[in-house]
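Here's the structure, in structure tokens; my notes come after.
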Amino acid sequence: MLKVHSLSIRYSDRTIVSDFSIDVKEGEVVSIIGPNGSGKSTILKGMTGLVPCKSGQICIANQEANHLSNKQMSQLMCMLCQSNVSPVDMTVGELISYGRMPHKKWYERLDAEDHEIIEWALMKTDMRKFKDRKVTSLSGGESQKAWLAMALAQRPKVLLLDEPTTYLDIAHQLEVLDLVHSLNRELKLTVLMVLHDLNHASIYSDKVCVIRNGAIQTYGRPQDVLTQELIRNVYGVETEINHLPGNPRPRIQILHKI
């Protein structure tokens, strides 16, 4: 569904991402993890064209991204950033309606099908009761769900999430990640997200991609990737790793910095 080959991104004379390649299958959830400043968010921005790429190839649903218009790209892929800002007077319903714009001509109004999709997105995210509320009046978790609803209304094949749990308390972090997991399983939505919490990456991901200094260290299943040795080498911390009975996914406890 999403294939990236030899992606390189430079800022001025500095290489931020070097020779990054990944193959995300349809319906997979893949998390990109790594230390601060390792290039995780830059990779997502490069895939969507928010930052220019020096080299590399990006294919979405077997179509090369550089052959697609912005409108076509928006029909296939949606990205939510760490902080999303809406006008102060915009309601949740209005925000979600913007998800339909990639499917309309500039002069076309929303039709019955669009409104049906908007209502569906509100229902899937449990945001119908907030439809007439201002987005700026929502809590952090509610706001994140409103933006997810907007992304759903866009009906993308691939959803990119840049640290979707930033600024949220523990309960709302789990609520948002549970929602992403549910949408992935129910809609076969392909998800590529940047996470900081290693346990969240282990629990919610089919595969984990570890980045360090703009390059891939390893890519695979959480139980194969998230080892004490890798975490020590990449993050410089000692850990204790446990497994719940019948569950191969590791549970990671940070012990101390090396």
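Chain lettering (A, B, ...) mirrors the order of the structure tokens, residue numbering begins at 1 for each chain separately, and ligand numbering begins at 1 in order of display.
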Contacts of A:Gly99 at 7 Å or less, counting only C-alpha atoms, minus same-chain residues fewer than 6 places along, as a list in words?
->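 Those residues are Met150, Ala151, Ala153 and Gln154 of chain A.
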Expected file contents, prior selection, C-alpha atoms, as a PDB file, in the first residue's frame:
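Done, and the output landed in selection.pdb:
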```
ATOM      1  CA  MET A 150     -11.908  14.873   9.645  1.00  0.00           C
ATOM      2  CA  ALA A 151      -9.260  12.450   8.358  1.00  0.00           C
ATOM      3  CA  ALA A 153     -14.206  11.874   6.183  1.00  0.00           C
ATOM      4  CA  GLN A 154     -11.385  12.285   3.690  1.00  0.00           C
TER       5      GLN A 154
END
```
Could you find all residues in stretch 42-234 of chain A that DSSP calls strand (DSSP E or B) from the backbone, and write them as a ChimeraX atom specification?
-> /A:55-60,63-64,77-80,91,134,158-162,190-194,207-212,215-220
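For A:Gln63, the residues within 12 Å (counting only C-alpha atoms, excluding itself and residues fewer than 3 positions away along the chain) are Met1, Leu2, Lys3, Val4, Gln57, Ile58, Cys59, Ile60, Asn66, His67, Leu68, Ser69, Gln72, Met73, Leu76 and Met77 of chain A.
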Using DSSP on the backbone coordinates, identify all residues within stretch 95-174 of chain A classified as helix (DSSP H, G or I); present the result as a count of residues only.
-> 47
Spatial neighbours of A:Leu195, 8 Å, only C-alpha atoms, chain gap at least 2 places, as a list in words =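 Neighbouring residues, sequence-local ones excluded: Ser31, Ile32, Ile33, Asp162, Glu163, Pro164, Thr165, Met193, Asp197, Leu198, His200 and Ala201 of chain A.
Of the residues under consideration (A:Met79, A:Ile203, A:His196, A:Ile211), A:Met79 shows the shortest atom-to-atom contact distance to A:Leu152 when counting only C-alpha atoms.
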Do you know which residues are at most 9 Å from A:Leu95 counting only C-alpha atoms, after dropping those on the same chain fewer than 2 positions away, and could you put them as a list in words?
->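 Skipping anything fewer than 2 positions along the chain leaves Ser86, Met90, Thr91, Val92, Gly93, Ser97, Tyr98, Gly99, Val135, Ala146, Trp147, Ala149 and Met150 of chain A.
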Residue with smallest distance to A:Cys53 - pool A:Leu255, A:Leu174, A:Val85, A:Val17, counting only C-alpha atoms | A:Val17
